[in-house]
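Structure data follow from protein15.tsv (TSV, C-alpha atoms and all ligand atoms):
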chain	number	residue	atom	x	y	z
A	766	MET	CA	28.37	-2.16	7.21
A	767	PRO	CA	27.99	-5.00	4.67
A	768	VAL	CA	24.50	-6.52	4.65
A	769	THR	CA	25.69	-10.01	5.61
A	770	VAL	CA	27.58	-8.72	8.66
A	771	LYS	CA	24.60	-6.55	9.58
A	772	SER	CA	22.17	-9.51	9.31
A	773	LYS	CA	24.49	-11.74	11.33
A	774	SER	CA	24.75	-9.06	14.00
A	775	LYS	CA	20.97	-8.75	14.02
A	776	VAL	CA	20.55	-12.53	14.46
A	777	PHE	CA	23.15	-12.56	17.25
A	778	ILE	CA	21.66	-9.60	19.11
A	779	SER	CA	18.08	-10.87	18.77
A	780	THR	CA	19.12	-14.35	19.96
A	781	VAL	CA	20.92	-13.03	23.02
A	782	LEU	CA	18.44	-10.23	23.68
A	783	PRO	CA	15.13	-11.17	22.02
A	784	GLY	CA	12.90	-8.13	21.54
A	785	SER	CA	9.37	-8.05	22.82
A	786	CYS	CA	6.31	-8.15	20.61
A	787	VAL	CA	4.65	-4.73	20.24
A	788	LEU	CA	1.24	-6.35	20.68
A	789	CYS	CA	1.61	-8.99	23.41
A	790	LYS	CA	5.13	-8.37	24.82
A	791	GLY	CA	6.10	-11.98	24.07
A	792	SER	CA	9.51	-12.87	22.60
A	793	VAL	CA	10.17	-12.05	18.97
A	794	SER	CA	12.14	-14.51	16.86
A	795	HIS	CA	15.12	-13.15	14.91
A	796	HIS	CA	13.20	-13.75	11.65
A	797	ASN	CA	10.69	-11.10	12.70
A	798	ASN	CA	11.01	-7.41	13.46
A	799	CYS	CA	8.53	-6.62	16.21
A	800	LEU	CA	5.74	-9.20	16.20
A	801	CYS	CA	5.81	-12.70	17.67
A	802	ASN	CA	4.74	-15.61	15.49
A	803	LEU	CA	1.47	-16.02	17.39
A	804	CYS	CA	0.43	-12.40	16.86
A	805	ILE	CA	1.34	-12.68	13.17
A	806	ALA	CA	-0.77	-15.84	12.88
A	807	ASN	CA	-3.66	-14.08	14.64
A	808	LEU	CA	-3.74	-11.08	12.29
A	809	PRO	CA	-7.02	-10.88	10.29
A	810	TRP	CA	-5.49	-12.27	7.08
A	811	LEU	CA	-7.59	-11.42	4.07
A	812	LEU	CA	-8.65	-14.82	2.78
A	813	ASN	CA	-12.27	-14.30	1.72
A	814	LYS	CA	-12.31	-11.34	-0.61
A	815	CYS	CA	-13.39	-9.98	-3.97
A	816	PRO	CA	-10.70	-11.04	-6.49
A	817	ARG	CA	-10.79	-7.61	-8.16
A	818	CYS	CA	-10.85	-5.02	-5.38
A	819	SER	CA	-9.93	-7.25	-2.41
A	820	ILE	CA	-12.83	-6.05	-0.26
A	821	PRO	CA	-13.72	-8.67	2.37
A	822	PHE	CA	-16.36	-10.77	0.60
A	823	ALA	CA	-17.19	-14.29	-0.48
A	824	PRO	CA	-14.04	-15.99	-1.84
A	825	ASN	CA	-13.49	-15.61	-5.60
A	826	LYS	CA	-16.78	-13.78	-6.14
A	827	LEU	CA	-16.91	-10.29	-7.55
A	828	CYS	CA	-18.42	-7.88	-5.03
A	829	PRO	CA	-21.55	-5.92	-6.13
A	830	ASP	CA	-19.48	-2.75	-6.71
A	831	CYS	CA	-17.05	-4.53	-9.06
A	832	GLN	CA	-19.95	-6.17	-10.89
A	833	LYS	CA	-21.68	-2.82	-11.38
A	834	THR	CA	-18.71	-0.47	-11.93
A	835	PRO	CA	-15.37	-2.30	-12.02
A	836	PRO	CA	-12.33	-0.26	-11.01
A	837	VAL	CA	-9.80	0.64	-13.68
A	838	PHE	CA	-6.98	-1.21	-11.89
A	839	ARG	CA	-6.52	-4.90	-12.67
A	840	ARG	CA	-6.52	-6.26	-9.14
A	841	CYS	CA	-5.86	-5.21	-5.57
A	842	ILE	CA	-3.66	-7.35	-3.33
A	843	SER	CA	-3.91	-6.67	0.39
A	844	ALA	CA	-2.45	-8.65	3.25
A	845	VAL	CA	-4.90	-8.10	6.11
A	846	GLU	CA	-8.33	-6.71	6.81
A	847	TYR	CA	-8.29	-3.27	8.44
A	848	LYS	CA	-9.94	-3.68	11.81
A	849	ILE	CA	-9.91	-1.88	15.12
A	850	GLY	CA	-7.41	-3.72	17.32
A	851	ALA	CA	-4.04	-5.09	16.26
A	852	VAL	CA	-4.07	-3.86	12.65
A	853	ASP	CA	-5.36	-0.41	13.57
A	854	LYS	CA	-2.65	-0.07	16.23
A	855	LEU	CA	0.13	-1.17	13.86
A	856	ILE	CA	-1.03	1.16	11.07
A	857	MET	CA	-1.26	4.10	13.50
A	858	ASN	CA	2.34	3.41	14.52
A	859	ILE	CA	3.66	3.42	10.96
A	860	LYS	CA	1.99	6.78	10.36
A	861	ARG	CA	3.63	8.28	13.45
A	862	ASN	CA	7.18	7.04	13.23
A	863	PRO	CA	9.15	6.43	10.01
A	864	PHE	CA	11.74	4.38	11.93
A	865	CYS	CA	9.36	2.08	13.81
A	866	PRO	CA	9.96	-1.65	13.25
A	867	GLU	CA	6.29	-2.12	12.34
A	868	ILE	CA	6.94	-0.67	8.85
A	869	GLU	CA	9.59	-3.30	8.19
A	870	GLU	CA	7.42	-6.11	9.61
A	871	LEU	CA	4.19	-5.21	7.80
A	872	SER	CA	5.99	-4.56	4.50
A	873	ARG	CA	7.70	-7.95	4.77
A	874	LEU	CA	4.31	-9.61	5.32
A	875	LEU	CA	2.88	-7.68	2.35
A	876	ALA	CA	5.79	-8.80	0.15
A	877	HIS	CA	5.06	-12.40	1.14
A	878	THR	CA	1.36	-11.95	0.25
A	879	ILE	CA	2.33	-10.44	-3.12
A	880	GLU	CA	4.66	-13.35	-3.87
A	881	GLN	CA	1.87	-15.82	-3.15
A	882	ALA	CA	-0.69	-13.86	-5.17
A	883	TYR	CA	1.42	-13.80	-8.36
A	884	GLN	CA	2.58	-17.42	-7.99
A	885	GLY	CA	5.40	-17.23	-10.50
A	886	THR	CA	3.62	-14.86	-12.93
A	887	CYS	CA	5.17	-11.48	-13.71
A	888	ILE	CA	5.33	-9.02	-10.83
A	889	PRO	CA	5.01	-5.38	-12.00
A	890	GLY	CA	8.42	-3.76	-12.39
A	891	ILE	CA	7.38	-0.19	-11.62
A	892	ILE	CA	6.22	0.62	-8.10
A	893	ILE	CA	4.57	3.92	-7.27
A	894	PRO	CA	3.68	4.93	-3.71
A	895	VAL	CA	0.47	6.94	-3.31
A	896	PRO	CA	1.64	10.55	-2.84
A	897	LEU	CA	0.54	12.67	0.09
A	898	HIS	CA	-0.66	16.22	-0.34
A	899	TRP	CA	2.21	18.57	0.57
A	900	ARG	CA	0.35	19.87	3.62
A	901	LYS	CA	0.02	16.37	5.05
A	902	LEU	CA	3.61	15.58	4.11
A	903	MET	CA	4.77	18.70	5.96
A	904	SER	CA	2.83	17.82	9.11
A	905	ARG	CA	3.77	14.12	9.09
A	906	GLY	CA	7.31	14.60	7.83
A	907	PHE	CA	7.33	11.47	5.69
A	908	ASN	CA	5.16	9.40	3.39
A	909	GLN	CA	4.57	5.98	4.93
A	910	SER	CA	3.57	4.56	1.52
A	911	SER	CA	7.02	5.43	0.15
A	912	SER	CA	8.68	3.56	3.03
A	913	ILE	CA	6.46	0.53	2.42
A	914	ALA	CA	7.13	0.66	-1.34
A	915	ARG	CA	10.91	0.74	-0.83
A	916	ILE	CA	10.89	-2.22	1.58
A	917	VAL	CA	8.53	-4.28	-0.59
A	918	ALA	CA	10.64	-3.53	-3.70
A	919	SER	CA	13.76	-4.77	-1.90
A	920	HIS	CA	12.16	-8.25	-1.78
A	921	PHE	CA	11.91	-8.46	-5.60
A	922	SER	CA	14.86	-8.29	-7.95
A	923	HIS	CA	13.53	-6.40	-10.97
A	924	THR	CA	11.34	-3.76	-9.34
A	925	LYS	CA	12.02	-0.04	-9.14
A	926	VAL	CA	10.27	2.52	-6.96
A	927	HIS	CA	9.38	5.81	-8.65
A	928	GLU	CA	8.74	8.54	-6.10
A	929	ASN	CA	7.78	12.17	-6.56
A	930	LEU	CA	6.40	11.57	-10.05
A	931	PHE	CA	2.93	12.59	-8.97
A	932	ILE	CA	1.58	15.38	-6.82
A	933	ARG	CA	-1.80	15.83	-5.26
A	934	PRO	CA	-2.75	19.43	-5.96
A	935	LYS	CA	-6.01	19.05	-4.06
A	936	HIS	CA	-6.06	18.67	-0.30
A	937	SER	CA	-9.00	16.39	0.42
A	938	SER	CA	-10.91	16.74	3.66
A	939	PRO	CA	-11.35	13.67	5.91
A	940	GLN	CA	-12.60	10.86	3.70
A	941	HIS	CA	-14.31	8.81	6.35
A	942	LEU	CA	-17.07	11.43	6.68
A	943	LYS	CA	-18.06	11.17	3.03
A	944	THR	CA	-20.19	8.84	0.98
A	945	LYS	CA	-18.62	6.71	-1.72
A	946	LYS	CA	-20.10	8.97	-4.43
A	947	GLN	CA	-18.56	12.06	-2.81
A	948	ARG	CA	-15.17	10.35	-2.54
A	949	MET	CA	-15.24	9.29	-6.19
A	950	LEU	CA	-16.11	12.87	-7.26
A	951	ASP	CA	-13.33	14.24	-5.02
A	952	MET	CA	-10.79	12.03	-6.72
A	953	CYS	CA	-11.49	13.26	-10.27
A	954	ASN	CA	-8.24	14.70	-11.67
A	955	VAL	CA	-6.64	14.70	-8.23
A	956	PHE	CA	-3.20	13.60	-9.45
A	957	THR	CA	-0.83	15.49	-11.70
A	958	MET	CA	2.24	13.82	-13.11
A	959	TYR	CA	5.61	15.55	-13.15
A	960	ILE	CA	8.97	14.63	-14.63
A	961	GLY	CA	11.58	16.78	-12.92
A	962	HIS	CA	9.84	20.13	-12.59
A	963	ASN	CA	7.81	19.68	-15.76
A	964	LYS	CA	4.15	18.89	-15.70
A	965	VAL	CA	3.52	15.95	-18.03
A	966	GLN	CA	0.79	16.59	-20.54
A	967	GLY	CA	0.56	15.33	-24.13
A	968	ASP	CA	3.74	13.22	-24.15
A	969	ALA	CA	2.77	11.21	-21.07
A	970	GLN	CA	2.40	8.05	-23.18
A	971	LEU	CA	6.18	7.89	-23.49
A	972	THR	CA	6.61	7.40	-19.78
A	973	PHE	CA	4.67	4.23	-18.96
A	974	SER	CA	4.00	2.87	-22.42
A	975	GLY	CA	3.45	-0.89	-22.20
A	976	LYS	CA	4.70	-1.07	-18.61
A	977	SER	CA	3.09	-2.97	-15.74
A	978	VAL	CA	2.78	-0.85	-12.62
A	979	ALA	CA	1.92	-1.45	-8.96
A	980	ILE	CA	0.59	1.34	-6.73
A	981	VAL	CA	1.43	1.00	-3.04
A	982	ASP	CA	-0.68	2.33	-0.17
A	983	ASP	CA	-0.83	1.49	3.52
A	984	VAL	CA	-4.61	1.12	3.67
A	985	VAL	CA	-7.12	0.96	0.82
A	986	THR	CA	-10.52	2.15	2.00
A	987	THR	CA	-12.94	2.78	-0.87
A	988	GLY	CA	-10.36	2.39	-3.59
A	989	ALA	CA	-11.17	5.90	-4.89
A	990	THR	CA	-7.63	7.23	-4.41
A	991	VAL	CA	-5.82	4.28	-5.97
A	992	ASN	CA	-8.37	4.10	-8.77
A	993	ALA	CA	-7.76	7.77	-9.64
A	994	LEU	CA	-3.99	7.24	-9.68
A	995	ALA	CA	-4.40	4.04	-11.72
A	996	ARG	CA	-6.48	5.98	-14.26
A	997	THR	CA	-3.70	8.58	-14.61
A	998	LEU	CA	-1.15	5.80	-15.17
A	999	LEU	CA	-3.34	4.01	-17.72
A	1000	ASN	CA	-3.84	7.32	-19.55
A	1001	SER	CA	-0.04	7.54	-19.59
A	1002	GLY	CA	0.17	4.25	-21.48
A	1003	ALA	CA	0.58	1.67	-18.67
A	1004	LYS	CA	-0.37	-1.85	-19.77
A	1005	TYR	CA	-2.08	-2.58	-16.47
A	1006	VAL	CA	-2.02	-1.32	-12.91
A	1007	ASP	CA	-2.24	-3.43	-9.76
A	1008	ILE	CA	-2.69	-2.17	-6.21
A	1009	TRP	CA	-0.68	-3.42	-3.23
A	1010	SER	CA	-1.72	-2.48	0.28
A	1011	ILE	CA	-1.02	-3.73	3.76
A	1012	ALA	CA	-4.66	-3.47	4.82
A	1013	ARG	CA	-8.04	-3.34	3.10
A	1014	THR	CA	-11.11	-2.04	4.80
A	1015	GLY	CA	-14.73	-2.87	4.07
A	1016	TRP	CA	-17.19	-0.34	2.74
A	1017	HIS	CA	-18.81	1.18	5.81
A	1018	ASN	CA	-20.64	4.28	4.64
A	1019	ALA	CA	-21.82	3.46	1.16
A	1020	SER	CA	-24.85	5.26	-0.13
A	1101	ZN	ZN	2.81	-11.10	20.14
A	1102	ZN	ZN	-14.79	-5.88	-5.67
Please re-express this file's structure in structure tokens.
Amino acid sequence: MPVTVKSKSKVFISTVLPGSCVLCKGSVSHHNNCLCNLCIANLPWLLNKCPRCSIPFAPNKLCPDCQKTPPVFRRCISAVEYKIGAVDKLIMNIKRNPFCPEIEELSRLLAHTIEQAYQGTCIPGIIIPVPLHWRKLMSRGFNQSSSIARIVASHFSHTKVHENLFIRPKHSSPQHLKTKKQRMLDMCNVFTMYIGHNKVQGDAQLTFSGKSVAIVDDVVTTGATVNALARTLLNSGAKYVDIWSIARTGWHNAS
């Protein structure tokens, strides 16, 4: 079905039969997928944050971690703060069901945040979703970061999503039980880049040479995962790497 006909049908159906908000059961406008405008307005939008890693912090002030050991990525752009409640519920849903409307809604909100963050400056043209380890991919059946990356990319004209370029040979145990130091050590050399079936080694510079890249994840917790992937991309010649995530959590178990 052509997109225009599909969108008109969607507007018609949602006007006649407005859906209900997944959070409050109120009516959802046809501009939205599954959240009402009030619930969207009440999300914990990330306004006060570190400009480098996006951790909730004083506005425009580098957090102590970024002052001491800055990440290798240029900046992290996240839409909302990860909190128990609405955000936690929405993120859980997008990890359970690849067809849930929450993925579309949250990715649309992330795309809007990205647009505002770049304010007319160049948006990276290469988008790479954080890969899952094959064991997790098998049990979940899909990679939610890939779905988010594809929807976000559809909002920008010159972007291209590159999937399956990287694999995670190491299966990491639950990260929330570890200290930041342990997580950083875990992430050393965790990503391997492949082109087709070939492991990329010495000629990796050819791949991303001079390119600007954005890594997409659903939630950035410590930044260890995205930092490790950013390092691999920079070693492959990328000019800079930015991080895009729906949610950003604070640092709860630092040591
Ligand atoms: Zn609502
Ligand atoms: Zn920071």
message = Just want the residues within 8 Å of ligand ZN 1102 (chain A), written as a PyMOL selection string, counting all atoms listed in the file.
response = chain A and resi 814-820+827-832+835
Write out the residues from the selection above, keeping C-alpha atoms, as a PDB file, in the coordinates of the input.
ATOM      1  CA  LYS A 814     -12.310 -11.340  -0.610  1.00  0.00           C
ATOM      2  CA  CYS A 815     -13.390  -9.980  -3.970  1.00  0.00           C
ATOM      3  CA  PRO A 816     -10.700 -11.040  -6.490  1.00  0.00           C
ATOM      4  CA  ARG A 817     -10.790  -7.610  -8.160  1.00  0.00           C
ATOM      5  CA  CYS A 818     -10.850  -5.020  -5.380  1.00  0.00           C
ATOM      6  CA  SER A 819      -9.930  -7.250  -2.410  1.00  0.00           C
ATOM      7  CA  ILE A 820     -12.830  -6.050  -0.260  1.00  0.00           C
ATOM      8  CA  LEU A 827     -16.910 -10.290  -7.550  1.00  0.00           C
ATOM      9  CA  CYS A 828     -18.420  -7.880  -5.030  1.00  0.00           C
ATOM     10  CA  PRO A 829     -21.550  -5.920  -6.130  1.00  0.00           C
ATOM     11  CA  ASP A 830     -19.480  -2.750  -6.710  1.00  0.00           C
ATOM     12  CA  CYS A 831     -17.050  -4.530  -9.060  1.00  0.00           C
ATOM     13  CA  GLN A 832     -19.950  -6.170 -10.890  1.00  0.00           C
ATOM     14  CA  PRO A 835     -15.370  -2.300 -12.020  1.00  0.00           C
TER      15      PRO A 835
END
Residues near stretch 907-910 of chain A, cut-off 7 Å, only C-alpha atoms, skip fewer than 4 positions along chain, as a list of chain:residue names =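 Final neighbour list, sorted by chain and number: A:Ile859, A:Lys860, A:Pro863, A:Pro894, A:Val895, A:Leu897, A:Leu902, A:Ala914, A:Val981, A:Asp982, A:Asp983.
For the pair atom CA of A:Val837 and atom CA of A:Leu999, the interatomic distance is 8.3 Å.
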message = Please return as an MDAnalysis selection string the residues found within 12 Å of ligand ZN 1101 (chain A), counting all atoms listed in the file.
response = chainID A and resid 784:794 797:808 851
request  = To one decimal in Å, tell me the separation between atom CA of A:Ser911 and atom CA of A:Ala882.
outcome  = 21.4 Å
request  = For each of A:Ser919, A:Asn862, A:Thr990, A:Asn813, take the minimum atom-to-atom distance to A:Arg933, counting all atoms listed in the file, then give the residue where this is smallest.
outcome  = A:Thr990
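Note that atom CA of A:His927 and atom CA of A:Trp810 are 28.2 Å apart.
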key: Within 12 Å of stretch 845-847 of chain A using all atoms listed in the file, minus same-chain residues under 4 positions, as a ChimeraX atom specification   = /A:805-814,819-822,851-857,871-872,874-875,877-879,983-986,1009-1017
Residues from the last selection, C-alpha atoms, saved as a compact mmCIF listing (two decimals), in the frame of the given file:
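What ended up in out-v2.txt:
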# COMPACT_ATOMS: atom_id res chain seq x y z
CA ILE A 805 1.34 -12.68 13.17
CA ALA A 806 -0.77 -15.84 12.88
CA ASN A 807 -3.66 -14.08 14.64
CA LEU A 808 -3.74 -11.08 12.29
CA PRO A 809 -7.02 -10.88 10.29
CA TRP A 810 -5.49 -12.27 7.08
CA LEU A 811 -7.59 -11.42 4.07
CA LEU A 812 -8.65 -14.82 2.78
CA ASN A 813 -12.27 -14.30 1.72
CA LYS A 814 -12.31 -11.34 -0.61
CA SER A 819 -9.93 -7.25 -2.41
CA ILE A 820 -12.83 -6.05 -0.26
CA PRO A 821 -13.72 -8.67 2.37
CA PHE A 822 -16.36 -10.77 0.60
CA ALA A 851 -4.04 -5.09 16.26
CA VAL A 852 -4.07 -3.86 12.65
CA ASP A 853 -5.36 -0.41 13.57
CA LYS A 854 -2.65 -0.07 16.23
CA LEU A 855 0.13 -1.17 13.86
CA ILE A 856 -1.03 1.16 11.07
CA MET A 857 -1.26 4.10 13.50
CA LEU A 871 4.19 -5.21 7.80
CA SER A 872 5.99 -4.56 4.50
CA LEU A 874 4.31 -9.61 5.32
CA LEU A 875 2.88 -7.68 2.35
CA HIS A 877 5.06 -12.40 1.14
CA THR A 878 1.36 -11.95 0.25
CA ILE A 879 2.33 -10.44 -3.12
CA ASP A 983 -0.83 1.49 3.52
CA VAL A 984 -4.61 1.12 3.67
CA VAL A 985 -7.12 0.96 0.82
CA THR A 986 -10.52 2.15 2.00
CA TRP A 1009 -0.68 -3.42 -3.23
CA SER A 1010 -1.72 -2.48 0.28
CA ILE A 1011 -1.02 -3.73 3.76
CA ALA A 1012 -4.66 -3.47 4.82
CA ARG A 1013 -8.04 -3.34 3.10
CA THR A 1014 -11.11 -2.04 4.80
CA GLY A 1015 -14.73 -2.87 4.07
CA TRP A 1016 -17.19 -0.34 2.74
CA HIS A 1017 -18.81 1.18 5.81
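In this comparison, which uses all atoms listed in the file, the residue of A:Ser1001, A:Glu870, A:Trp899, A:Ser904 approaching A:His795 most closely is A:Glu870.
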request  = List the neighbours of A:Ile888 out to 12 Å using all atoms listed in the file; skip same-chain residues closer than 6 positions along the sequence, and give me the result as a list in words.
outcome  = Ile842, Ala876, Ile879, Glu880, Gln881, Ala882, Val917, Ala918, His920, Phe921, Ser922, His923, Thr924, Lys925, Lys976, Ser977, Val978, Ala979, Tyr1005, Val1006, Asp1007, Ile1008 and Trp1009 of chain A
request  = Name the closest residue to A:Ile980 among the candidates A:Pro836, A:Pro889, A:Pro866, A:Gly1002; distances are taken between atoms, counting all atoms listed in the file.
outcome  =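 Nearest to A:Ile980: A:Pro889.
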